Amino acid sequence: MIRLAKSLKTILWIGLIAGTLDITENIIFNAFRGISPWRIFQFIASGLIDGRSFQLEWTSVGLRVVIHYAIALTWTAIFYIASTRFNFVLLWRRPVPSGLLYGVLVYAIMNFVVLPLSAVPSRPSAATIAARVNAMLALMFCIGLPVALLVKRAREAER
């Protein structure tokens with residue numbers, strides 16, 4: 001029971017760090033495109049509650065923050081569990097390549113499975129090459145790499 005609590009605590013703090021890095025990058029990138037953080041939060045909340053997110057003001061912003069961190073924590077938990085339960089030594093002994101590859105996997109699943117199944121409105125103009133490259137790099141360097149490096153650190157601290 002103590003080990004489970006310690007694992008959950010580790011997943012929580014790593015997921016919060018990765019989620020914060022990712023949302024910060026998203027806000028900065030979109031600021032250069034003239035898109036406000038408010039609009040970003042509403043757009044992502046629309047994946048769960050469709051176009052109503054644009055009428056719900058602060059509710060949709062709060063929902064987006066919850067959704068964002070839930071997703072970051074889920075990806076963190078998947079990596080952590082894979083590196084501990086299935087003893088994929090590569091995942092935590094070689095954190096840079098495994099983290100970067102994990103970021104690419106997260107990008108592929110989010111963009112080709114999760115988003116098409118969500119209620120996010122279709123926005124072909126938002127799918128520019130720059131936006132797609134940025135999204136992949138963000139998931140590689142803000143989710144994959146930090147998660148892998150921090151899981152390695154946590155695993156070494158356990159020994």
# chains A, B, ... in the order shown; residues from 1 in each chain; ligands from 1

call {"tool": "residues_around", "arguments": {"residues": "Ala154 of chain A", "least_positions_apart": "6", "cutoff": "10 Å", "atoms": "only C-alpha atoms", "output": "compact mmCIF listing (two decimals) with C-alpha atoms, in the first residue's frame"}}
result
# COMPACT_ATOMS: atom_id res chain seq x y z
CA SER A 7 3.99 5.58 -7.08
CA THR A 10 5.48 10.25 -8.23
CA ILE A 11 3.03 10.07 -11.16
CA ILE A 14 5.73 14.29 -12.84
CA TYR A 80 5.64 5.05 -15.46
CA TRP A 92 14.14 4.60 -17.84
CA ALA A 148 11.21 9.96 -19.12

call {"tool": "residues_around", "arguments": {"residues": "Glu158 of chain A", "least_positions_apart": "2", "cutoff": "12 Å", "atoms": "only C-alpha atoms", "output": "list in words"}}
result
Arg3, Lys6, Ser7, Thr10, Thr84, Val151, Lys152, Arg153, Ala154, Arg155 and Glu156 of chain A

call {"tool": "atom_distance", "arguments": {"atom1": "atom CA of Pro95 of chain A", "atom2": "atom CA of Val133 of chain A"}}
result
21.7 Å

call {"tool": "atom_distance", "arguments": {"atom1": "atom CA of Pro97 of chain A", "atom2": "atom CA of Thr24 of chain A"}}
result
23.1 Å

call {"tool": "closest_residue", "arguments": {"among": "A:Asn134, A:Ser36, A:Thr20, A:Asn30", "to": "Ala72 of chain A", "atoms": "only C-alpha atoms"}}
result
A:Thr20

call {"tool": "decode", "arguments": {"residues": "segment 12-38 of chain A", "atoms": "N, CA and C atoms", "output": "short mmCIF file (atom, residue, chain, number, x, y, z; two decimals), in the first residue's frame"}}
result
data_model
loop_
_atom_site.label_atom_id
_atom_site.label_comp_id
_atom_site.auth_asym_id
_atom_site.auth_seq_id
_atom_site.Cartn_x
_atom_site.Cartn_y
_atom_site.Cartn_z
N LEU A 12 1.84 11.82 -9.97
CA LEU A 12 1.19 13.12 -9.83
C LEU A 12 2.17 14.27 -10.05
N TRP A 13 3.30 14.26 -9.38
CA TRP A 13 4.20 15.41 -9.53
C TRP A 13 4.84 15.45 -10.90
N ILE A 14 5.16 14.29 -11.48
CA ILE A 14 5.73 14.29 -12.84
C ILE A 14 4.67 14.76 -13.83
N GLY A 15 3.44 14.29 -13.70
CA GLY A 15 2.36 14.70 -14.60
C GLY A 15 2.07 16.19 -14.50
N LEU A 16 2.12 16.73 -13.29
CA LEU A 16 1.88 18.18 -13.12
C LEU A 16 2.99 19.00 -13.76
N ILE A 17 4.23 18.55 -13.64
CA ILE A 17 5.34 19.26 -14.28
C ILE A 17 5.20 19.20 -15.79
N ALA A 18 4.99 18.01 -16.33
CA ALA A 18 4.86 17.85 -17.78
C ALA A 18 3.66 18.62 -18.32
N GLY A 19 2.53 18.54 -17.62
CA GLY A 19 1.34 19.27 -18.05
C GLY A 19 1.55 20.77 -18.05
N THR A 20 2.27 21.26 -17.06
CA THR A 20 2.55 22.70 -16.98
C THR A 20 3.49 23.13 -18.10
N LEU A 21 4.51 22.33 -18.38
CA LEU A 21 5.40 22.64 -19.50
C LEU A 21 4.63 22.68 -20.81
N ASP A 22 3.77 21.69 -21.01
CA ASP A 22 3.01 21.60 -22.26
C ASP A 22 2.04 22.76 -22.43
N ILE A 23 1.29 23.11 -21.40
CA ILE A 23 0.31 24.19 -21.56
C ILE A 23 1.02 25.53 -21.71
N THR A 24 2.16 25.70 -21.03
CA THR A 24 2.92 26.94 -21.17
C THR A 24 3.41 27.09 -22.60
N GLU A 25 3.94 26.02 -23.17
CA GLU A 25 4.39 26.06 -24.56
C GLU A 25 3.23 26.38 -25.48
N ASN A 26 2.09 25.77 -25.25
CA ASN A 26 0.91 25.99 -26.09
C ASN A 26 0.47 27.45 -26.05
N ILE A 27 0.46 28.03 -24.87
CA ILE A 27 0.05 29.43 -24.71
C ILE A 27 1.03 30.35 -25.43
N ILE A 28 2.34 30.09 -25.27
CA ILE A 28 3.35 30.94 -25.91
C ILE A 28 3.27 30.82 -27.43
N PHE A 29 3.20 29.60 -27.95
CA PHE A 29 3.12 29.41 -29.40
C PHE A 29 1.90 30.10 -29.99
N ASN A 30 0.76 29.93 -29.34
CA ASN A 30 -0.46 30.53 -29.87
C ASN A 30 -0.51 32.04 -29.67
N ALA A 31 0.20 32.57 -28.71
CA ALA A 31 0.28 34.03 -28.54
C ALA A 31 0.92 34.66 -29.78
N PHE A 32 1.92 33.99 -30.34
CA PHE A 32 2.55 34.49 -31.57
C PHE A 32 1.60 34.42 -32.75
N ARG A 33 0.58 33.60 -32.66
CA ARG A 33 -0.42 33.48 -33.73
C ARG A 33 -1.64 34.34 -33.46
N GLY A 34 -1.59 35.11 -32.36
CA GLY A 34 -2.70 36.00 -32.03
C GLY A 34 -3.88 35.31 -31.37
N ILE A 35 -3.66 34.14 -30.80
CA ILE A 35 -4.74 33.39 -30.17
C ILE A 35 -4.56 33.49 -28.65
N SER A 36 -5.60 33.94 -27.97
CA SER A 36 -5.52 34.15 -26.52
C SER A 36 -5.59 32.83 -25.76
N PRO A 37 -5.01 32.80 -24.55
CA PRO A 37 -5.14 31.59 -23.73
C PRO A 37 -6.60 31.21 -23.49
N TRP A 38 -7.45 32.21 -23.32
CA TRP A 38 -8.88 31.98 -23.11
C TRP A 38 -9.44 31.13 -24.25
#
